[in-house]
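Asker: Have a look at this one.
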Amino acid sequence: MILAEKPDMGRNIAEALGVAKSNRGYIGLKNGDVVTWAIGHIIRLKKPDTYPQYKDWRIDSLPVIPEPMMSEVDPAKKDQFQVIKDLLAKADSCVIATDPGREGEHIGRTIIEACGYKGKLLRLWIDDLTPATIRTGFQQLKDGADTFFLAESAKVRAYADYWMGFTATRFFTLAAQEVTNEKTVLSAGRVQTPTLRIVYDRELAIENFTAQPFFTLMIELVAKTGSYKAQWFKQFDDRMVYRFDTKEEAETIRKKIAGQTGTVTRYEEKQVKRHAPQLLHSTSIKTAARKELGFSIDKTVKVLQSVYDKGFITYPRTSSRHLSENAADKLAADLTTIREASSYKNLFPDNIRSLKGKSRFVDNKKAAEHHAIVPTGQNPSGLSDDEQKLYALILRYTLAAHHPEGLDKEIMAVTTVARETFYTKAVHVLEEGWRKILKPEIEEKEQEDEQPRSVAKMPQLRQGDQADVQKSDTLTGKTSAPKRLADDELEKAMEHAGRIVEDTAEDDDVLQLLKEKGIGTPATRTAIIQELANREYIEIKKNLVYLTDKGRNFMQMVYRHPLASIELTGEFEKKLAEVANGKRSAASTLDEFKKFIHDMLDTKDELQQHIRERLQGKPLFINIEEVGTCPKCGKPIVERKEFYGCSGYKDGCKVTIPKEFLKVKLSAKYARALLDGKEVLIQNVPGQYAPYNLFVKWVEGKLQTRKPSTDDLSLGNCPHCQKPVMERENFYGCTGYQGGCKFTLPKQYLGKVISAAQIRKLLKNGKTDVIKGLTGKQRTFDSALGYDKNERRLTFVK
């Protein structure tokens, strides 16, 4: 019996090995074997409240460490479990063919253990689901003993996270409730809580940042061969300073060099190779998908898994950006195979050669377990629009590595005027190379002391040339606050957690592990970030991460607690890695985790003291959003479960606005506008025959309505007949259609939704704002949109 992780994976394996007959829950093969599948985690650990001693949340029942640990079949998946159990009862051997990693191993082993199977165990370990790879994998099956220690590590991880998560959540919640009387749950976990600490630290850095002014001095010089711009700088050993703290310093030098003649004291021209970005892995693909496709990390994970399950890309939950030498050879062969029939044939280079020998992309040691995400030897079919976009992104990164390197000419000059030095740099593209098909990745630097930006053009100069100062300007700027993290950048911070603790970590081995592996795994990081959002510790708006009041107060409560420590999580990961390598026993490691959890309970008094210090008469752990000011008593109107109400209700104020009106939800944004006395339009109110729109206004404690007129709904005048243009269900159209006007504009264009606000700008100003991520046949680009009256179509506008 062959056990896959999911149905799609099972079907791919069966088709590669030869299908004889499909049955309910399994597929018979021509050689007499059978392929079946899990549906993710069919077996799960029983929740604490199923144990009598943990049914009630009480401090004296902690820690939550059941003896023995009991598991159960997910009721929604019991039929498939029974199929697996019946097949295993007849099998003389079992191949674990779940995802090749710690979590996949855990899923496979727990199911087999729950079925009571004691027979021969084998392991399929492959990086993609193409027929050739599957068949090769079955010719090279590992003995089940080869992954025994990985299975032990997976079990230790599952048990330790269960004990820590449930114990810490109940402990922090009950400790807080004793002081605040708030009923909210304070979720905590081994990786979840240090991740929240990363968000908290960044939020404080943003809030506590004070912008500092700085000044730069720019001059324009005229030489015999032409004019060029330069920026003042001064060299201090290995550091270049190009800013002044005060305007007076800049002005002093500006006056000093006014009207002077300078000398080119240094001039260099060199050719610089531009290497293609590294291949994609679990974290970098989320960043690329956010920037180029606008995907959230959660969406990227789901779409990526689906494309993998369909067999068109290699294993997606990889931490490596490299290929092994064998994988590099196979990739070159696969790309050659798919090129002729590929929808993206124009992106392929003329010659496809193995990347072997290029250490930027190929390293056997760095691709030991799983290699980078690349396409397989099958051209995709049956993909959704989002799946197609993500596949194309992976293909472009892969093909960029196979294109020639880019080549630029860098020109640098230092001009000395009155003993002051001025810097000029220009870059000219000589050969685009891989940049024909992929935008260069921009290195995002946090530090302020970057070199001046390149100038657009520069004349031919030589060392010793004279140049006159024609013009000079003192420019003012301000230092920038730390950036707010995007969701993928938070995941990247988890992956590179070693950088955060580099100056404080005491154990060099732990620091090295945190640098290499980070906290969490490629398979779990996205889910952890989503859990922080579900628990209302953070909010993710337009892919940016914001700390909530609940998250802030919880982190202030536990900031110094061991569970919030990145280093401690690194120590745990080190132990798990040692179990996986057979260097540490699973039993002794579990004993260490138990001791840590028992020690956690001794911190109750300290935690409660932190809470008392922050109590100021308002909730600490319940997120309450202020949506406006009460027009009756002047106190904040806050969001409740069923309505928006005055926070002065205990003093008798009963002002409320419903969250739902005529079966339409009123968001906090609508409530805020109503409180400001504005009239708002609510759309798609359910009607007897069809949905309709209404204007709503809040007057003297009641919502008043009126039906909108054509002028109310108009987005602007039709460019052909000047009648109002209105939003329809699937397009924007002229109201003069009954008189023969056929003017319409689409709601979706080149993969992007065109909002009513953008259409209003187009009709008023002749163009929209710049819309990012428009997807053409060969590339993704940004552009404003205009309208060509003669051609009756949208156009691209600068």
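We name chains A, B, ... following the order of the structure tokens; residues begin at 1 in each chain, and ligands are numbered from 1 as shown.
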Set the distance at 8 Å and use only C-alpha atoms: which residues neighbour stretch 152-168 of chain A once local chain neighbours fewer than 6 positions away are removed? I'd like the list as an mmCIF file with C-alpha atoms, in the first residue's frame.
Answerer:
```cif
data_model
loop_
_atom_site.group_PDB
_atom_site.id
_atom_site.type_symbol
_atom_site.label_atom_id
_atom_site.label_comp_id
_atom_site.auth_asym_id
_atom_site.auth_seq_id
_atom_site.Cartn_x
_atom_site.Cartn_y
_atom_site.Cartn_z
ATOM 1 C CA PRO A 48 -7.330 19.064 26.599
ATOM 2 C CA LEU A 62 -1.790 23.077 34.987
ATOM 3 C CA PRO A 63 0.443 22.124 33.259
ATOM 4 C CA VAL A 64 -1.474 20.452 30.428
ATOM 5 C CA ILE A 65 0.669 17.328 29.966
ATOM 6 C CA ARG A 102 9.110 16.616 9.053
ATOM 7 C CA GLU A 103 5.383 17.391 8.876
ATOM 8 C CA GLU A 105 6.624 12.259 8.023
ATOM 9 C CA HIS A 106 4.462 13.012 11.049
ATOM 10 C CA SER A 187 -3.142 32.459 23.021
ATOM 11 C CA ALA A 188 0.571 31.639 23.243
ATOM 12 C CA GLY A 189 3.014 29.226 21.664
ATOM 13 C CA ARG A 190 6.654 28.256 21.212
ATOM 14 C CA LEU A 576 14.707 18.925 17.524
ATOM 15 C CA ALA A 577 17.384 18.898 14.813
ATOM 16 C CA VAL A 579 16.710 14.261 17.510
ATOM 17 C CA ALA A 580 16.175 14.186 13.726
ATOM 18 C CA ALA A 586 13.387 11.754 21.952
ATOM 19 C CA THR A 589 14.216 15.862 24.999
ATOM 20 C CA LEU A 590 10.559 15.559 25.981
ATOM 21 C CA PHE A 593 10.394 20.358 27.553
ATOM 22 C CA LYS A 594 8.277 19.161 30.490
ATOM 23 C CA ILE A 597 6.682 24.025 31.161
ATOM 24 C CA MET A 600 6.753 28.518 33.447
#
```
Asker: Quick check for you: according to DSSP on this backbone, which residues of stretch 601-705 of chain A are classed as strand (DSSP E)? Reply as number ranges by chain.
Answerer: A: 626-629, 636-639, 643-646, 656-658, 660-661, 664-665, 680-685, 692-699, 702-705
Asker: Which residues are near A:Thr744? Cut-off 7 Å, only C-alpha atoms, ignore same chain within fewer than 4 positions. Put them as a VMD selection string.
Answerer: chain A and resid 731 to 734
Asker: Which residue, A:Met557, A:Ala587, A:Ala332, A:Ala523, has the smallest gap to A:Tyr315 when you use only C-alpha atoms?
Answerer: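 Comparing A:Met557, A:Ala587, A:Ala332, A:Ala523 against A:Tyr315, the winner is A:Ala523.
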Asker: Neighbours of A:Pro522 within 12 Å (only C-alpha atoms; same-chain residues fewer than 4 positions away dropped), as a PyMOL selection string?
Answerer: chain A and resi 101-103+281-286+297+301+315-320+370+488+491-492+494-496+517-518+526-528
Asker: Give me, as a short mmCIF file (atom, residue, chain, number, x, y, z; two decimals) with N, CA, C and O atoms, in the first residue's frame, all polymer residues having an atom no more than 10 Å from A:Arg793, counting only C-alpha atoms and skipping those fewer than 6 positions away in the same chain.
Answerer:
```
data_model
loop_
_atom_site.label_atom_id
_atom_site.label_comp_id
_atom_site.auth_asym_id
_atom_site.auth_seq_id
_atom_site.Cartn_x
_atom_site.Cartn_y
_atom_site.Cartn_z
N PHE A 743 -21.14 53.41 -25.21
CA PHE A 743 -19.93 53.58 -24.41
C PHE A 743 -19.96 52.69 -23.16
O PHE A 743 -20.89 52.76 -22.35
N THR A 744 -18.94 51.84 -23.01
CA THR A 744 -18.77 51.02 -21.81
C THR A 744 -17.29 50.93 -21.48
O THR A 744 -16.44 51.08 -22.36
N LEU A 745 -17.00 50.68 -20.22
CA LEU A 745 -15.63 50.40 -19.77
C LEU A 745 -15.67 49.16 -18.90
O LEU A 745 -16.62 48.96 -18.13
N PRO A 746 -14.62 48.31 -18.96
CA PRO A 746 -14.64 47.06 -18.20
C PRO A 746 -14.34 47.27 -16.72
O PRO A 746 -13.65 48.22 -16.35
N GLY A 786 -5.95 55.69 -19.90
CA GLY A 786 -6.74 56.74 -20.51
C GLY A 786 -7.78 56.12 -21.44
O GLY A 786 -7.93 54.89 -21.50
N TYR A 787 -8.51 56.96 -22.19
CA TYR A 787 -9.53 56.45 -23.12
C TYR A 787 -9.36 57.14 -24.47
O TYR A 787 -9.31 58.36 -24.56
#
```
Asker: Write out as a PDB file with C-alpha atoms, in the first residue's frame each polymer residue whose atoms come within 10 Å of A:Gly377, counting only C-alpha atoms; drop sequence neighbours fewer than 5 positions from it.
Answerer:
```pdb
ATOM      1  CA  ASP A 128       8.348  16.825  -7.619  1.00  0.00           C
ATOM      2  CA  LEU A 129       5.373  14.825  -8.851  1.00  0.00           C
ATOM      3  CA  THR A 130       6.184  14.326 -12.514  1.00  0.00           C
ATOM      4  CA  PRO A 131       5.804  10.739 -13.784  1.00  0.00           C
ATOM      5  CA  ALA A 132       9.549  10.339 -14.447  1.00  0.00           C
ATOM      6  CA  THR A 133      10.517  11.550 -10.957  1.00  0.00           C
ATOM      7  CA  GLY A 311       2.617  18.297 -10.837  1.00  0.00           C
ATOM      8  CA  PHE A 312       3.905  21.490 -12.479  1.00  0.00           C
ATOM      9  CA  ILE A 313       6.449  22.712  -9.903  1.00  0.00           C
ATOM     10  CA  THR A 314       8.815  21.079  -7.433  1.00  0.00           C
ATOM     11  CA  LYS A 330      17.426  17.426 -14.678  1.00  0.00           C
ATOM     12  CA  LEU A 331      16.087  21.000 -14.751  1.00  0.00           C
ATOM     13  CA  ALA A 332      17.973  21.761 -17.987  1.00  0.00           C
ATOM     14  CA  ALA A 333      16.482  18.625 -19.554  1.00  0.00           C
ATOM     15  CA  ASP A 334      12.980  19.510 -18.291  1.00  0.00           C
ATOM     16  CA  LEU A 335      13.172  23.079 -19.638  1.00  0.00           C
ATOM     17  CA  THR A 336      14.304  21.770 -23.017  1.00  0.00           C
ATOM     18  CA  THR A 337      11.350  19.358 -22.995  1.00  0.00           C
ATOM     19  CA  ILE A 338       8.682  21.971 -22.280  1.00  0.00           C
ATOM     20  CA  ARG A 339      10.099  24.871 -24.323  1.00  0.00           C
TER      21      ARG A 339
END
```
Asker: Excluding same-chain residues fewer than 2 positions from A:Pro213, what lies within 12 Å of it counting only C-alpha atoms, as a PyMOL selection string?
Answerer: chain A and resi 210-211+215-216+243-247+475-480
Asker: Any chance you could export the current selection's C-alpha atoms as a PDB file, in the first residue's frame?
Answerer:
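So again-v1.pdb came out as:
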```pdb
ATOM      1  CA  THR A 210      12.036  60.878  15.588  1.00  0.00           C
ATOM      2  CA  ALA A 211      12.866  62.165  12.135  1.00  0.00           C
ATOM      3  CA  PHE A 215      21.210  68.489   4.270  1.00  0.00           C
ATOM      4  CA  THR A 216      23.017  67.601   1.070  1.00  0.00           C
ATOM      5  CA  ARG A 243      25.127  64.589   4.555  1.00  0.00           C
ATOM      6  CA  PHE A 244      25.336  67.591   6.859  1.00  0.00           C
ATOM      7  CA  ASP A 245      23.579  67.807  10.204  1.00  0.00           C
ATOM      8  CA  THR A 246      22.954  71.549   9.841  1.00  0.00           C
ATOM      9  CA  LYS A 247      22.148  73.803   6.925  1.00  0.00           C
ATOM     10  CA  LEU A 475      18.803  70.277  -0.388  1.00  0.00           C
ATOM     11  CA  THR A 476      16.869  69.354   2.744  1.00  0.00           C
ATOM     12  CA  GLY A 477      15.744  65.871   3.736  1.00  0.00           C
ATOM     13  CA  LYS A 478      14.643  63.877   6.769  1.00  0.00           C
ATOM     14  CA  THR A 479      15.687  60.478   8.025  1.00  0.00           C
ATOM     15  CA  SER A 480      13.055  57.790   7.452  1.00  0.00           C
TER      16      SER A 480
END
```
Asker: Pick from A:Lys310, A:Glu606, A:Asp676, A:Lys798: nearest to A:Ser384, with only C-alpha atoms counted?
Answerer: A:Lys310
Asker: Would you list, as a ChimeraX atom specification, the residues of stretch 436-666 of chain A that end up in helix (DSSP H, G or I) under DSSP run on this structure's backbone?
Answerer: /A:436,487-495,497-500,508-517,525-534,549-558,562-564,566-580,586-614,649-651
Asker: Which of these residues is nearest to A:Val191, using only C-alpha atoms: A:Gly570, A:Pro724, A:Gly406, A:Gly40?
Answerer: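 Looking only at the distances to A:Val191, the closest residue turns out to be A:Gly570.
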